[in-house]
Amino acid sequence: MTNQRLLLGATLTYSGNPMQSAWEDAVKIDTQGGVLIENGRIAAVDKGDALRAAHPQAEVTRYADALICPGFVDAHVHYPQTAIIASWGKRLIDWLNTYTFPEEMRLSDPAYAGEIAARYLDLTLAHGTTTVASYCTIHPHSADALFQAAEERGQRIVAGKTCMDHNAPEGLRDTVQSAYDDSKALIERWHGKGRASYAITPRFSPTSTPEQLSALGALWAEHPTCLMQTHLSEQTDEIEWVRDLFPEARDYLDTYEAHGLLGERGLYGHAIHLEPREIDRLAEGGGALVHCPTSNTFIGSGLFDMTGLAARGIPLALATDTGGGSSFSMLRTMAAAYEVGQLRGTPLHAAQLIWLATAGSARSLHLQDHVGSLAEGMEADITVLSLDSTPAIAQRHAAAKDIWESLFATIMMGDDRAIADVWVAGARRGGRA
Ligand code: GUN
Ligand code: ZN
């Protein structure tokens with residue numbers, strides 16, 4: 001009996017950060033590669049022939065016209081918004097009030113929360129996403145539901161109960177004390193349990209009083225290995241609202257900084273309209289910025305300056321922002337990041353896009369020693385991309401001069417049909433192979 005499995009085909013590996021150095025130096029594809037999986041981990045990544053010869057007992061899965069990649073890591077999602085994705089015609093604050101808050105209210109029913117958590121993880125696994133960092137609702141059971149659904153699927157997960165104690169409807173507000181107590185109880189229940197990590201989650205400055213922000217800042221100081229996720233400078237009228245609500249603050253980031261909510265394990269979603277001081281502060285080691293390109297175009301928020309912020313050395317992640325984002329697919333999200341780059345005159349290479357959707361996001365979540373790359377010792381979360389998944393993509397693949405051209409066509413045109421296989425901790429969990 002063997003519990004070794006050998007995946008043979010083209011493999012994608014990293015030796016650096018393609019947002020900081022030439023992509024050719026940081027990202028490699030070996031068209032004759034192999035990945036050896038043993039006990040849920042990657043035991044070796046090498047030439048396919050060499051691994052085959054050294055491990056004749058391993059069960060072999062061979063992939064043609066495909067690319068063996070790390071599982072996708074989606075660094076900012078709202079799983080409770082699964083059922084209202086693609087809701088028409090509103091900008092941020094109206095969109096929250098019209099579509100989002102009523103749906104989040106429905107998760108007051110634990111059975112519904114469980115159903116949506118399962119539906120969300122199954123949908124995203126089918127799109128090749130093996131780890132997400134998710135907001136939940138204000139209800140603690142909504143976080144339990146997602147952690148539980150991820151545990152059942154063997155998935156690495158980051159999540160947190162959303163905290164809001166004002167400027168939100170009746171039924172979707174907690175208090176300073178309950179936000180602290182409920183978040184603390186969830187940390188004790190889930191943080192570091194199996195593959196789970198907790199993210200302290202003040203939704204955004206407009207929906208937390210300064211007292212709640214301070215309480216959550218104190219909780220983070222008491223649990224410094226937790227992440228902290230929130231939103232930052234997404235839309236201009238949101239920023240004006242923050243200015244009115246926090247007249248003492250130097251800028252939006254300062255509303256977090258002043259309450260102990262700026263730190264290297266911080267995740268700041270959107271961050272489109274930043275002031276020079278905010279960028280300087282973030283560049284000093286204040287956490288990661290999460291680019292949500294389908295959301296930023298769908299809700300009409302603006303064009304994130306990926307290249308400019310990367311040049312400042314700020315850690316960057318990529319995310320769908322489901323359901324403000326218009327897709328569950330990290331392929332579609334990479335395509336949107338490419339298009340936003342084009343609108344700013346700074347197109348990203350396929351190598352940079354796929355690095356952001358895997359290692360870049362994993363690094364921002366401080367999970368780079370666990371997931372996000374194919375390397376010995378990493379957990380075996382692997383997504384195999386078909387490079388000819390539809391007739392339109394197949395004809396472009398056939399005309400491609402190299403595998404990078406093929407990969408780019410799949411990034412731009414692919415969807416869940418391009419997910420040939422998904423492995424989670426070495427177990428097959430989805431795909432079409
Ligand atoms: N800002 C505060 N809450 C949200 C949310 O749910 N989605 C997005 N896109 N922005 C937000
Ligand atoms: Zn969001």
# chains A, B, ... in the order shown; residues from 1 in each chain; ligands from 1
$ closest_atom_pairs --of "chain A" --to "ligand 2" --cutoff "7 Å" --atoms "only C-alpha atoms and all ligand atoms" --output "CSV"
residue,atom,partner,partner_atom_place_in_ligand_line,distance
A:His76,CA,ligand 2,1 (Zn),6.2
A:Val77,CA,ligand 2,1 (Zn),6.0
A:His78,CA,ligand 2,1 (Zn),6.3
A:His231,CA,ligand 2,1 (Zn),6.3
A:Gly269,CA,ligand 2,1 (Zn),6.3
A:Asp321,CA,ligand 2,1 (Zn),5.1
A:Gly324,CA,ligand 2,1 (Zn),6.9
$ write_last_selection --atoms "C-alpha atoms" --output "PDB file, in the first residue's frame"
ATOM      1  CA  HIS A  76     -11.231  39.058   0.792  1.00  0.00           C
ATOM      2  CA  VAL A  77     -14.736  37.652   0.475  1.00  0.00           C
ATOM      3  CA  HIS A  78     -18.114  37.923   2.158  1.00  0.00           C
ATOM      4  CA  HIS A 231     -12.204  47.949   4.379  1.00  0.00           C
ATOM      5  CA  GLY A 269      -9.626  45.702   1.340  1.00  0.00           C
ATOM      6  CA  ASP A 321     -14.873  40.432  -2.784  1.00  0.00           C
ATOM      7  CA  GLY A 324     -19.624  43.052  -4.285  1.00  0.00           C
TER       8      GLY A 324
END
$ residues_near_ligand --ligand "ligand 1" --cutoff "8 Å" --atoms "only C-alpha atoms and all ligand atoms" --output "ChimeraX atom specification"
/A:78,81,92-93,96,100,203-204,230-232,234,269-270,295-296,299,321-325
$ select_by_dssp --residues "region 49-259 of chain A" --states "strand (DSSP E)" --output "PyMOL selection string"
chain A and resi 59-70+72-78+129-135+157-160+162-163+196-202+227-232
$ residues_around --residues "Lys28 (chain A)" --least-positions-apart "4" --cutoff "12 Å" --atoms "only C-alpha atoms" --output "PyMOL selection string"
chain A and resi 10-18+22-24+32-33+67-69+350-352+354-355+373-374+403-404
$ closest_residue --among "A:Glu238, A:Asp30, A:Glu222, A:Glu151" --to "Tyr180 (chain A)" --atoms "only C-alpha atoms"
A:Glu222
$ residues_around --residues "region 339-342 of chain A" --least-positions-apart "5" --cutoff "9 Å" --atoms "only C-alpha atoms" --output "number ranges by chain"
A: 293, 297, 303-307, 334, 347-348
$ residues_around --residues "region 425-427 of chain A" --least-positions-apart "4" --cutoff "6 Å" --atoms "only C-alpha atoms" --output "PDB file with N, CA, C and O atoms, in the first residue's frame"
ATOM      1  N   GLY A  40      -0.835  14.250   2.652  1.00  0.00           N
ATOM      2  CA  GLY A  40      -1.472  15.565   2.590  1.00  0.00           C
ATOM      3  C   GLY A  40      -0.529  16.721   2.319  1.00  0.00           C
ATOM      4  O   GLY A  40      -0.963  17.871   2.245  1.00  0.00           O
ATOM      5  N   GLU A 379       1.487  22.312   2.355  1.00  0.00           N
ATOM      6  CA  GLU A 379       0.262  21.521   2.338  1.00  0.00           C
ATOM      7  C   GLU A 379      -0.168  21.346   0.874  1.00  0.00           C
ATOM      8  O   GLU A 379      -0.023  22.278   0.072  1.00  0.00           O
ATOM      9  N   ALA A 380      -0.685  20.156   0.551  1.00  0.00           N
ATOM     10  CA  ALA A 380      -0.951  19.837  -0.865  1.00  0.00           C
ATOM     11  C   ALA A 380      -2.313  20.353  -1.306  1.00  0.00           C
ATOM     12  O   ALA A 380      -3.250  19.604  -1.568  1.00  0.00           O
ATOM     13  N   ASP A 381      -2.418  21.687  -1.391  1.00  0.00           N
ATOM     14  CA  ASP A 381      -3.590  22.359  -1.972  1.00  0.00           C
ATOM     15  C   ASP A 381      -3.198  22.746  -3.390  1.00  0.00           C
ATOM     16  O   ASP A 381      -2.355  23.643  -3.590  1.00  0.00           O
TER      17      ASP A 381
END
$ closest_residue --among "A:Ala221, A:Ala58, A:Cys226, A:Ala113" --to "Leu367 (chain A)" --atoms "only C-alpha atoms"
A:Cys226
$ closest_residue --among "A:Ala400, A:Ala64, A:Leu172, A:Leu227" --to "Gly9 (chain A)" --atoms "only C-alpha atoms"
A:Ala64
$ select_by_dssp --residues "region 292-395 of chain A" --states "helix (DSSP H, G or I)" --output "ChimeraX atom specification"
/A:293-298,306-311,330-343,350-364,391-395
$ residues_around --residues "Leu8 (chain A)" --least-positions-apart "6" --cutoff "7 Å" --atoms "only C-alpha atoms" --output "MDAnalysis selection string"
chainID A and resid 33:35 48 61:63
$ closest_atom_pairs --of "region 177-260 of chain A" --to "region 154-158 of chain A" --cutoff "6 Å" --atoms "only C-alpha atoms" --output "Markdown table"
| residue | atom | partner | partner_atom | distance |
| --- | --- | --- | --- | --- |
| A:Arg195 | CA | A:Arg156 | CA | 4.5 |
| A:Ala196 | CA | A:Ile157 | CA | 5.0 |
| A:Ser197 | CA | A:Val158 | CA | 4.8 |
| A:Tyr198 | CA | A:Val158 | CA | 5.6 |
$ write_last_selection --atoms "all heavy atoms" --output "mmCIF file, in the first residue's frame"
data_model
loop_
_atom_site.group_PDB
_atom_site.id
_atom_site.type_symbol
_atom_site.label_atom_id
_atom_site.label_comp_id
_atom_site.auth_asym_id
_atom_site.auth_seq_id
_atom_site.Cartn_x
_atom_site.Cartn_y
_atom_site.Cartn_z
ATOM 1 N N ARG A 195 -6.851 23.670 10.410
ATOM 2 C CA ARG A 195 -6.364 24.586 9.381
ATOM 3 C C ARG A 195 -7.033 25.963 9.476
ATOM 4 O O ARG A 195 -7.005 26.727 8.510
ATOM 5 C CB ARG A 195 -6.583 23.974 7.992
ATOM 6 C CG ARG A 195 -5.936 22.594 7.812
ATOM 7 C CD ARG A 195 -6.004 22.124 6.361
ATOM 8 N NE ARG A 195 -5.008 22.765 5.536
ATOM 9 C CZ ARG A 195 -5.004 22.776 4.204
ATOM 10 N NH1 ARG A 195 -5.983 22.193 3.542
ATOM 11 N NH2 ARG A 195 -4.052 23.384 3.532
ATOM 12 N N ALA A 196 -7.614 26.295 10.599
ATOM 13 C CA ALA A 196 -8.367 27.559 10.718
ATOM 14 C C ALA A 196 -7.543 28.666 11.365
ATOM 15 O O ALA A 196 -6.747 28.417 12.267
ATOM 16 C CB ALA A 196 -9.630 27.319 11.540
ATOM 17 N N SER A 197 -7.756 29.886 10.872
ATOM 18 C CA SER A 197 -7.197 31.085 11.530
ATOM 19 C C SER A 197 -8.320 32.095 11.698
ATOM 20 O O SER A 197 -9.211 32.193 10.846
ATOM 21 C CB SER A 197 -6.128 31.781 10.689
ATOM 22 O OG SER A 197 -5.171 30.906 10.217
ATOM 23 N N TYR A 198 -8.220 32.865 12.758
ATOM 24 C CA TYR A 198 -9.252 33.873 13.015
ATOM 25 C C TYR A 198 -8.783 35.251 12.560
ATOM 26 O O TYR A 198 -7.627 35.625 12.760
ATOM 27 C CB TYR A 198 -9.612 33.929 14.509
ATOM 28 C CG TYR A 198 -10.916 34.660 14.708
ATOM 29 C CD1 TYR A 198 -12.131 33.996 14.522
ATOM 30 C CD2 TYR A 198 -10.954 36.021 15.010
ATOM 31 C CE1 TYR A 198 -13.345 34.673 14.646
ATOM 32 C CE2 TYR A 198 -12.153 36.699 15.140
ATOM 33 C CZ TYR A 198 -13.346 36.021 14.955
ATOM 34 O OH TYR A 198 -14.547 36.682 15.069
#
$ closest_residue --among "A:Ser326, A:Ser233, A:Thr175, A:Asn167" --to "Phe101 (chain A)" --atoms "only C-alpha atoms"
A:Asn167
$ closest_residue --among "A:Asp74, A:Glu103, A:Glu38, A:Asp94" --to "Gln57 (chain A)" --atoms "only C-alpha atoms"
A:Glu38
$ residues_around --residues "Thr130 (chain A)" --least-positions-apart "3" --cutoff "9 Å" --atoms "only C-alpha atoms" --output "ChimeraX atom specification"
/A:70-74,121,124-125,127,155-157,381-383,422-424
$ closest_residue --among "A:Gln368, A:Thr207, A:Thr410, A:Thr346" --to "Asp388 (chain A)" --atoms "only C-alpha atoms"
A:Thr410
